[in-house]
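Structure file input-v9.cif (mmCIF, C-alpha atoms) follows.
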data_model
loop_
_atom_site.label_atom_id
_atom_site.label_comp_id
_atom_site.auth_asym_id
_atom_site.auth_seq_id
_atom_site.Cartn_x
_atom_site.Cartn_y
_atom_site.Cartn_z
CA MET Y 9 87.82 67.68 -53.65
CA ASN Y 10 89.86 69.16 -56.41
CA PRO Y 11 89.03 67.49 -59.70
CA GLY Y 12 92.47 68.22 -61.16
CA ASP Y 13 94.25 66.78 -58.16
CA ASP Y 14 95.80 63.35 -58.42
CA ASN Y 15 95.82 62.95 -54.67
CA PHE Y 16 93.06 60.49 -54.12
CA ASP Y 17 93.35 60.03 -50.35
CA GLU Y 18 90.15 61.87 -49.60
CA LEU Y 19 88.32 60.00 -52.33
CA GLN Y 20 89.60 56.66 -51.09
CA ARG Y 21 88.40 57.45 -47.59
CA LEU Y 22 85.03 58.34 -49.00
CA LEU Y 23 84.86 55.14 -51.02
CA GLY Y 24 85.92 53.12 -48.01
CA TRP Y 25 82.91 54.50 -46.22
CA LYS Y 26 80.72 52.49 -48.59
CA ARG Y 27 81.72 49.42 -46.65
CA HIS Y 28 79.31 50.59 -43.97
CA GLU Y 29 76.40 49.97 -46.30
CA VAL Y 30 74.99 46.66 -45.16
CA PRO Y 31 71.96 44.63 -46.22
CA PRO Y 32 68.94 44.24 -43.93
CA PRO Y 33 69.55 42.37 -40.68
CA GLY Y 34 69.40 38.62 -41.05
CA PHE Y 35 70.15 38.69 -44.76
CA PHE Y 36 73.38 36.72 -44.46
CA VAL Y 37 71.80 34.31 -42.01
CA THR Y 38 69.24 33.11 -44.52
CA PHE Y 39 71.36 33.54 -47.60
CA PRO Y 40 72.99 30.06 -47.55
CA GLU Y 41 69.56 28.49 -47.10
CA ARG Y 42 68.29 30.30 -50.16
CA VAL Y 43 71.28 29.17 -52.16
CA ARG Y 44 70.67 25.63 -51.02
CA ALA Y 45 66.99 25.83 -51.94
CA ARG Y 46 67.98 26.97 -55.41
CA LEU Y 47 70.45 24.11 -55.72
CA SER Y 48 67.75 21.59 -54.89
CA GLN Y 49 65.57 22.86 -57.70
CA PRO Y 50 65.86 21.07 -61.04
CA VAL Y 51 68.16 22.69 -63.51
CA ARG Y 52 66.24 24.60 -66.10
CA ALA Y 53 67.52 23.83 -69.56
CA PRO Y 54 68.87 26.84 -71.37
CA ASP Y 55 66.81 28.22 -74.20
CA PRO Y 56 67.70 26.39 -77.42
CA SER Y 57 69.49 28.28 -80.12
CA TRP Y 58 67.80 28.89 -83.49
CA TRP Y 59 69.52 25.98 -85.19
CA GLU Y 60 68.51 23.61 -82.39
CA ARG Y 61 64.96 24.81 -82.81
CA LEU Y 62 65.29 24.23 -86.54
CA LEU Y 63 66.53 20.70 -86.01
CA THR Y 64 63.79 19.81 -83.58
CA GLY Y 65 61.19 21.23 -85.95
CA GLU Y 66 60.15 23.95 -83.56
CA LEU Y 67 60.64 26.54 -86.28
CA TRP Y 68 59.37 24.79 -89.40
CA ARG Y 69 56.42 22.91 -87.90
CA PRO Y 70 54.22 26.00 -87.62
CA ALA Y 71 55.23 27.01 -91.14
CA LEU Y 72 54.37 23.54 -92.40
CA ALA Y 73 51.03 23.62 -90.62
CA GLY Y 74 50.31 27.01 -92.15
CA ALA Y 75 51.22 25.77 -95.61
CA CYS Y 76 48.96 22.74 -95.17
CA ALA Y 77 46.10 24.93 -94.03
CA LEU Y 78 46.67 27.22 -97.00
CA ALA Y 79 46.73 24.31 -99.42
CA ALA Y 80 43.56 22.84 -97.92
CA GLY Y 81 41.84 26.21 -98.15
CA GLY Y 82 42.95 26.61 -101.77
CA LEU Y 83 41.68 23.13 -102.60
CA LEU Y 84 38.29 23.93 -101.06
CA ILE Y 85 37.99 27.15 -103.02
CA TRP Y 86 38.98 25.39 -106.23
CA GLN Y 87 36.42 22.68 -105.65
CA PHE Y 88 33.76 25.22 -104.90
CA ASN Y 89 34.46 27.03 -108.17
CA ALA Y 90 34.42 23.76 -110.08
CA GLY Y 91 31.02 22.89 -108.56
CA VAL Y 92 29.49 26.17 -109.71
CA ARG Y 93 30.47 25.53 -113.36
CA PRO Y 94 27.67 23.79 -115.36
CA PRO Y 95 28.59 20.24 -116.15
CA ALA Y 96 29.85 19.64 -119.65
CA PRO Y 97 28.16 16.86 -121.60
CA ALA Y 98 30.19 13.81 -121.37
CA PRO Y 99 31.81 12.93 -124.65
CA GLY Y 100 30.19 9.95 -126.27
CA LEU Y 101 26.87 10.32 -124.54
CA VAL Y 102 25.57 11.96 -127.72
CA ARG Y 103 26.23 10.38 -131.05
CA GLN Y 104 26.11 12.56 -134.07
CA ASP Y 105 25.38 11.40 -137.57
CA LEU Y 106 27.72 13.41 -139.63
CA SER Y 107 26.30 12.11 -142.89
CA ALA Y 108 22.97 13.82 -142.38
CA PRO Y 109 22.60 17.22 -144.02
CA GLY Y 110 23.24 19.97 -141.68
CA ALA Y 111 24.47 17.63 -139.06
CA GLY Y 112 26.92 19.06 -136.65
CA VAL Y 113 26.54 22.52 -138.00
CA LEU Y 114 25.71 25.03 -135.44
CA SER Y 115 22.71 27.03 -136.50
CA GLU Y 116 24.35 30.12 -135.25
CA PRO Y 117 28.05 30.44 -134.70
CA PRO Y 118 28.98 31.29 -131.18
CA PRO Y 119 30.24 34.75 -130.70
CA THR Y 120 33.96 34.97 -130.93
CA VAL Y 121 34.05 37.19 -127.89
CA PHE Y 122 32.47 34.41 -125.93
CA GLN Y 123 35.19 32.02 -127.00
CA ARG Y 124 37.92 34.44 -126.21
CA GLN Y 125 36.53 35.08 -122.78
CA LEU Y 126 36.26 31.48 -121.88
CA PRO Y 127 39.01 30.06 -119.83
CA ALA Y 128 41.25 27.55 -121.50
CA THR Y 129 39.46 24.62 -119.92
CA LEU Y 130 36.13 25.81 -121.24
CA ALA Y 131 37.27 26.90 -124.67
CA GLY Y 132 35.89 23.86 -126.41
CA PHE Y 133 32.68 23.77 -124.46
CA GLY Y 134 30.39 24.67 -127.33
CA GLN Y 135 31.89 22.18 -129.70
CA LEU Y 136 30.51 18.73 -129.80
CA SER Y 137 32.75 15.88 -130.24
CA SER Y 138 32.24 14.37 -133.65
CA ASP Y 139 34.50 11.43 -133.25
CA ALA Y 140 33.07 9.99 -130.12
CA PRO Y 141 33.03 6.25 -130.35
CA SER Y 142 29.57 4.94 -130.96
CA SER Y 143 30.05 2.21 -128.47
CA MET Y 144 30.14 4.79 -125.75
CA ALA Y 145 26.66 6.00 -126.55
CA PRO Y 146 24.18 3.88 -124.71
CA ARG Y 147 21.38 2.91 -127.00
CA GLY Y 148 17.94 3.87 -125.98
CA LEU Y 149 19.07 6.44 -123.58
CA PHE Y 150 16.38 8.70 -124.86
CA ALA Y 151 13.10 7.87 -126.51
CA PRO Y 152 13.57 6.51 -130.00
CA GLY Y 153 13.28 9.13 -132.62
CA ALA Y 154 13.84 11.87 -130.25
CA GLY Y 155 16.43 14.13 -131.64
CA LEU Y 156 18.22 17.02 -130.30
CA ARG Y 157 18.55 20.08 -132.36
CA GLY Y 158 22.03 21.16 -132.11
CA SER Y 159 22.61 24.79 -131.92
CA LEU Y 160 24.32 26.88 -129.52
CA THR Y 161 21.60 29.39 -129.30
CA GLN Y 162 22.79 31.90 -126.92
CA ALA Y 163 25.52 32.57 -124.56
CA SER Y 164 24.70 34.09 -121.32
CA ALA Y 165 26.29 37.18 -120.06
CA THR Y 166 28.55 35.06 -117.98
CA GLY Y 167 29.88 33.34 -121.04
CA TYR Y 168 28.19 30.03 -120.45
CA PRO Y 169 25.60 28.69 -122.91
CA GLN Y 170 22.08 28.70 -121.62
CA ALA Y 171 20.71 26.12 -124.03
CA LEU Y 172 22.29 23.66 -126.29
CA THR Y 173 20.47 21.87 -129.02
CA VAL Y 174 22.04 19.68 -131.59
CA THR Y 175 20.60 19.39 -135.05
CA GLY Y 176 20.35 16.01 -136.62
CA VAL Y 177 21.75 14.03 -133.83
CA ASN Y 178 21.12 10.40 -134.13
CA LEU Y 179 20.62 8.96 -130.75
CA GLY Y 180 20.91 5.53 -132.06
CA GLY Y 181 17.25 4.68 -132.18
CA PRO Y 182 15.91 2.65 -135.13
CA GLU Y 183 13.94 5.63 -136.46
CA ALA Y 184 16.73 8.08 -136.14
CA GLN Y 185 17.64 10.07 -139.22
CA MET T 8 68.13 57.06 -41.50
CA PRO T 9 68.15 54.51 -38.75
CA PRO T 10 71.46 52.82 -38.31
CA THR T 11 71.58 49.11 -38.87
CA ALA T 12 71.34 46.93 -35.83
CA PRO T 13 74.59 46.15 -34.14
CA GLY T 14 76.21 42.84 -34.80
CA ILE T 15 76.35 43.04 -38.55
CA PRO T 16 79.92 43.59 -39.57
CA PRO T 17 80.68 45.83 -42.52
CA THR T 18 82.08 44.25 -45.62
CA PRO T 19 85.74 43.45 -45.05
CA ALA T 20 88.03 46.23 -46.13
CA VAL T 21 90.79 44.02 -47.38
CA ALA T 22 91.00 40.97 -49.52
CA PRO T 23 90.17 37.84 -47.62
CA THR T 24 93.04 36.02 -46.09
CA SER T 25 91.67 32.86 -47.58
CA GLU T 26 93.04 29.63 -46.38
CA PRO T 27 93.73 27.78 -49.60
CA ALA T 28 94.10 24.45 -47.85
CA GLU T 29 90.75 24.77 -46.14
CA ASP T 30 89.12 26.01 -49.33
CA ALA T 31 90.64 23.15 -51.30
CA GLU T 32 89.32 20.59 -48.85
CA LEU T 33 85.83 22.14 -48.85
CA VAL T 34 85.86 22.30 -52.63
CA ARG T 35 86.93 18.66 -52.89
CA ARG T 36 84.08 17.60 -50.62
CA ALA T 37 81.59 19.81 -52.45
CA GLN T 38 82.70 18.31 -55.75
CA ALA T 39 81.89 14.92 -54.26
CA GLY T 40 78.36 16.16 -53.58
CA ASP T 41 78.72 17.30 -49.97
CA LEU T 42 76.31 20.23 -49.72
CA GLU T 43 77.42 20.97 -46.15
CA ALA T 44 80.87 21.71 -47.45
CA TYR T 45 79.48 24.02 -50.08
CA ASP T 46 77.41 25.72 -47.39
CA ALA T 47 80.62 26.46 -45.57
CA LEU T 48 82.08 28.02 -48.70
CA VAL T 49 78.95 30.12 -49.17
CA ARG T 50 79.13 31.38 -45.60
CA ARG T 51 82.77 32.19 -46.03
CA TYR T 52 82.39 34.30 -49.16
CA GLN T 53 78.79 35.51 -49.19
CA GLU T 54 79.53 38.98 -47.83
CA ARG T 55 82.29 39.68 -50.30
CA ILE T 56 80.36 38.36 -53.28
CA TYR T 57 77.25 40.23 -52.25
CA GLY T 58 79.40 43.33 -51.64
CA VAL T 59 80.97 43.43 -55.07
CA VAL T 60 77.59 43.03 -56.75
CA TYR T 61 75.92 45.57 -54.50
CA HIS T 62 78.59 48.22 -55.04
CA MET T 63 78.35 47.65 -58.78
CA THR T 64 74.56 47.89 -58.96
CA SER T 65 73.76 50.14 -55.98
CA ASN T 66 70.63 48.06 -55.66
CA HIS T 67 70.04 45.59 -52.85
CA GLU T 68 67.45 43.45 -54.65
CA ASP T 69 69.60 43.05 -57.75
CA ALA T 70 72.61 42.29 -55.61
CA ALA T 71 70.76 39.63 -53.63
CA ASP T 72 69.58 37.89 -56.80
CA LEU T 73 72.91 38.10 -58.57
CA ALA T 74 74.92 36.94 -55.58
CA GLN T 75 72.62 33.96 -55.15
CA GLU T 76 72.88 33.16 -58.84
CA ALA T 77 76.65 33.39 -58.70
CA PHE T 78 76.83 30.76 -55.96
CA VAL T 79 74.41 28.51 -57.80
CA ARG T 80 76.42 28.77 -61.00
CA ALA T 81 79.63 28.16 -59.17
CA TYR T 82 78.25 25.01 -57.61
CA ARG T 83 77.05 23.68 -60.94
CA ALA T 84 80.42 24.46 -62.51
CA LEU T 85 82.35 23.05 -59.60
CA ALA T 86 83.30 19.94 -61.54
CA SER T 87 85.24 22.13 -63.98
CA PHE T 88 87.23 23.80 -61.20
CA LYS T 89 90.73 22.34 -61.44
CA GLY T 90 92.39 24.44 -58.78
CA ASP T 91 94.60 26.41 -61.18
CA SER T 92 93.60 29.54 -59.33
CA SER T 93 92.26 29.92 -55.82
CA PHE T 94 88.60 29.16 -55.25
CA PHE T 95 88.19 32.75 -54.10
CA THR T 96 89.47 34.13 -57.44
CA TRP T 97 87.45 31.63 -59.43
CA LEU T 98 84.25 32.47 -57.55
CA TYR T 99 84.89 36.18 -57.88
CA ARG T 100 85.35 35.78 -61.62
CA ILE T 101 81.96 34.13 -61.91
CA ALA T 102 80.26 36.87 -59.90
CA VAL T 103 82.07 39.66 -61.76
CA ASN T 104 81.27 38.30 -65.21
CA GLN T 105 77.68 37.74 -64.28
CA THR T 106 77.37 41.26 -62.90
CA LEU T 107 78.99 42.80 -65.96
CA ASN T 108 76.60 40.89 -68.21
CA PHE T 109 73.67 42.00 -66.10
CA LEU T 110 74.72 45.63 -66.26
CA LYS T 111 75.26 45.49 -70.02
CA GLN T 112 71.79 44.07 -70.53
CA ARG T 113 70.26 46.67 -68.25
CA ARG T 114 70.03 49.46 -70.78
CA ASN T 115 69.13 52.39 -68.62
CA ARG T 116 70.67 53.04 -65.29
CA GLY T 117 68.73 51.20 -62.63
CA HIS T 118 67.23 52.98 -59.72
CA LEU T 119 69.17 53.11 -56.50
CA SER T 120 68.07 50.84 -53.70
CA LEU T 121 70.67 51.58 -51.11
CA ASN T 122 71.33 49.64 -48.00
CA ASP T 123 71.27 51.27 -44.64
CA LEU T 124 74.47 52.33 -43.02
CA ASP T 125 75.66 50.35 -40.06
CA PHE T 126 76.00 51.85 -36.63
CA GLN T 127 79.70 52.52 -37.10
CA ALA T 128 79.22 54.78 -40.09
CA GLU T 129 78.53 57.93 -38.15
CA ASN T 130 81.57 57.38 -36.02
CA ASP T 131 83.94 56.64 -38.82
CA PRO T 132 86.75 59.18 -38.28
CA ASP T 133 87.35 59.55 -41.98
CA ILE T 134 83.75 60.45 -42.58
CA VAL T 135 83.56 62.69 -39.56
CA ALA T 136 86.47 64.60 -40.98
CA LEU T 137 84.85 64.85 -44.35
CA ILE T 138 81.45 66.02 -43.23
CA SER T 139 81.24 69.58 -42.12
CA GLU T 140 80.76 69.99 -38.43
CA LYS T 141 78.50 72.90 -39.23
CA THR T 142 75.92 70.65 -40.81
CA PRO T 143 72.89 71.01 -38.55
CA ARG T 144 71.51 67.54 -39.26
CA ARG T 145 74.28 65.08 -39.70
CA GLU T 146 71.96 62.21 -40.47
CA THR T 147 70.60 64.01 -43.50
CA SER T 148 74.07 64.85 -44.58
CA LEU T 149 75.20 61.23 -44.32
CA ARG T 150 72.30 60.05 -46.42
CA GLU T 151 72.97 62.72 -48.97
CA LEU T 152 76.60 61.79 -49.08
CA GLN T 153 75.70 58.14 -49.61
CA GLU T 154 73.41 58.98 -52.50
CA ARG T 155 75.92 61.34 -54.08
CA LEU T 156 78.64 58.75 -53.84
CA ASN T 157 76.52 55.97 -55.33
CA THR T 158 75.22 58.21 -58.08
CA ALA T 159 78.77 59.18 -58.97
CA LEU T 160 79.81 55.54 -59.06
CA GLN T 161 76.92 54.70 -61.36
CA LYS T 162 78.15 57.34 -63.80
CA LEU T 163 81.36 55.39 -64.36
CA SER T 164 81.57 52.74 -67.03
CA VAL T 165 81.10 49.23 -65.72
CA GLN T 166 84.77 48.35 -66.21
CA HIS T 167 85.98 51.41 -64.32
CA ARG T 168 83.39 50.94 -61.62
CA MET T 169 84.45 47.36 -61.20
CA VAL T 170 88.10 48.29 -60.70
CA VAL T 171 87.22 50.96 -58.15
CA THR T 172 84.90 48.56 -56.34
CA LEU T 173 87.41 45.76 -56.18
CA HIS T 174 90.36 47.96 -55.22
CA ASP T 175 89.13 50.94 -53.23
CA ILE T 176 86.09 49.38 -51.59
CA GLN T 177 86.93 45.70 -51.33
CA GLY T 178 90.65 46.09 -50.95
CA LEU T 179 91.85 43.61 -53.55
CA ARG T 180 95.35 43.90 -54.96
CA HIS T 181 96.04 44.93 -58.53
CA GLU T 182 97.24 41.43 -59.37
CA GLN T 183 94.10 39.83 -58.01
CA ILE T 184 91.91 42.25 -59.94
CA ALA T 185 93.86 41.56 -63.12
CA GLU T 186 93.32 37.84 -62.65
CA ILE T 187 89.63 38.25 -61.92
CA MET T 188 88.99 40.62 -64.80
CA ASN T 189 91.25 38.73 -67.17
CA CYS T 190 93.43 41.70 -68.06
CA ASN T 191 96.94 42.81 -67.20
CA VAL T 192 98.00 44.80 -64.19
CA GLY T 193 98.79 47.88 -66.25
CA THR T 194 95.23 47.99 -67.49
CA VAL T 195 93.98 47.75 -63.94
CA ARG T 196 96.19 50.63 -62.83
CA SER T 197 95.22 52.88 -65.70
CA ARG T 198 91.53 52.13 -65.26
CA LEU T 199 91.78 52.84 -61.57
CA HIS T 200 93.51 56.15 -62.15
CA TYR T 201 91.00 57.26 -64.76
CA ALA T 202 88.04 56.15 -62.63
CA ARG T 203 89.30 58.09 -59.63
CA GLN T 204 89.76 61.21 -61.71
CA GLN T 205 86.23 60.84 -62.99
CA LEU T 206 84.86 60.36 -59.50
CA GLN T 207 86.75 63.41 -58.21
CA ALA T 208 85.14 65.45 -60.96
CA TYR T 209 81.67 64.11 -60.21
CA LEU T 210 82.04 64.83 -56.50
CA ALA T 211 83.84 68.15 -56.86
CA ASP T 212 80.87 70.25 -55.85
CA TRP T 213 79.85 68.05 -52.97
CA ARG T 214 81.34 70.28 -50.33
CA GLN T 215 80.50 73.52 -51.98
#
In structure tokens, what does this structure look like?
Amino acid sequence: MNPGDDNFDELQRLLGWKRHEVPPPGFFVTFPERVRARLSQPVRAPDPSWWERLLTGELWRPALAGACALAAGGLLIWQFNAGVRPPAPAPGLVRQDLSAPGAGVLSEPPPTVFQRQLPATLAGFGQLSSDAPSSMAPRGLFAPGAGLRGSLTQASATGYPQALTVTGVNLGGPEAQ
Amino acid sequence: MPPTAPGIPPTPAVAPTSEPAEDAELVRRAQAGDLEAYDALVRRYQERIYGVVYHMTSNHEDAADLAQEAFVRAYRALASFKGDSSFFTWLYRIAVNQTLNFLKQRRNRGHLSLNDLDFQAENDPDIVALISEKTPRRETSLRELQERLNTALQKLSVQHRMVVTLHDIQGLRHEQIAEIMNCNVGTVRSRLHYARQQLQAYLADWRQ
């Protein structure tokens, strides 16, 4: 065959020879049956497009589930951290007599570094509420006459006070100062 | 290479002399749900549909699957067939489009899985003239020729291969090919000419 020749007779004869290539014997005998078997099978729905999957929630449901799991995990961690923190004295549980000398004065001022390092929610931890309503303080909560010496004595290395005593606190007992 | 058992006719060389009236009646019955009628249409066109897919893929397994799928798709789309073209052209269009899509998705060239030659192949006068009489083992030479020819066809682009398959192997007219491939006759002619030139170049050293 001459590649530059535009006479394709020889090539056409050669291509015509491909018609002698035939499938295995019996192929065309069973072929209609196979087509019929396929036709009797239920039609498989085509794969949905991305927007169909979006509408049916197939796409955003896993994302939503993931977000929920993340939020639940975050909530658990937050609660765990909150449980580790020492409980702050409830305002009003301690009544302070501000008229007494030295009342409400911390014997030793807390270190400023400690205050700066405290998170915002804990910044006022060492300060006692002086305007707590007296009605909120249950009388006789402690033994009469028992007073707490108020001083923020020491802050631990973690920034939390280890002991808290309040000077001149009147617990409301009849013998209180 | 053992020749195929007698009784299996080669794929028809020319376009089917379809009987439009018979086809139309079978199609009408198939549209009404008569599977026997569709069976008759399958039997009528299975060799040609299988042939076009096989010559495009040079792989029997792929051709069997694709031909089957083409008939299944045609049946399911039968309600949309209005008879604007012949059933033969419409069916061919489905098979051709499906095959082109398959070949585009198949990134690398698939391996050849060639069918056996029928018992008439060795006696084909055209082939006898082409194969050197000096070849000591003609059977080997025939097999080699078959592989060379299929390999050369696979080197063509799918559009060029399709035109060669439909025209030079299946014997369809330019107008029919244009209708099936949804292009004009001039495009078919130019593609055919280019594809033949390419094939001549690929097969140039065959006899050397």
Polymer residues at most 10 Å from Arg168 of chain T, only C-alpha atoms, same-chain spacing of 2 or more positions, as a list in words: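 The residues that qualify are His62, Met63, Thr64, Ala159, Leu160, Gln161, Lys162, Leu163, Ser164, Val165, Gln166, Val170, Val171, Thr172, Leu173, His174, Arg198, Leu199, Ala202, Arg203 and Leu206 of chain T.
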Interface residues on chain Y facing chain T, 10 Å, all atoms listed in the file, written as an NGL selection string: :Y and (9-16 or 18-37 or 39-47 or 51)
Spatial neighbours of Leu73 of chain T, 8 Å, all atoms listed in the file, chain gap at least 6 places, as a list in words: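 The residues that qualify are Tyr57, Val60, Ala102, Gln105 and Thr106 of chain T.
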Test item: axis-aligned box, all listed atoms of segment 44-58 of chain T, 3 Å on each side, centre and edges in Å rounded to one decimal, as AutoDock Vina command-line options:
--center_x 80.0 --center_y 32.5 --center_z -49.4 --size_x 11.5 --size_y 27.6 --size_z 13.7
Between atom CA of Arg55 of chain T and atom CA of Trp97 of chain T, distance in Å (one decimal): 13.2 Å
Atom-to-atom span, atom CA of Ala81 of chain T and atom CA of Thr38 of chain Y, Å: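 Here the two named atoms are 18.6 Å from each other.
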Straight-line distance linking atom CA of Val192 of chain T with atom CA of Phe109 of chain T, stated in Å to one decimal: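 Separating atom CA of Val192 of chain T from atom CA of Phe109 of chain T is a distance of 24.6 Å.
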Output of the PyMOL selection byres ((chain T and resi 34) around 8), listed as a ChimeraX atom specification: /T:30-33,35-38,44-45,48,85,94
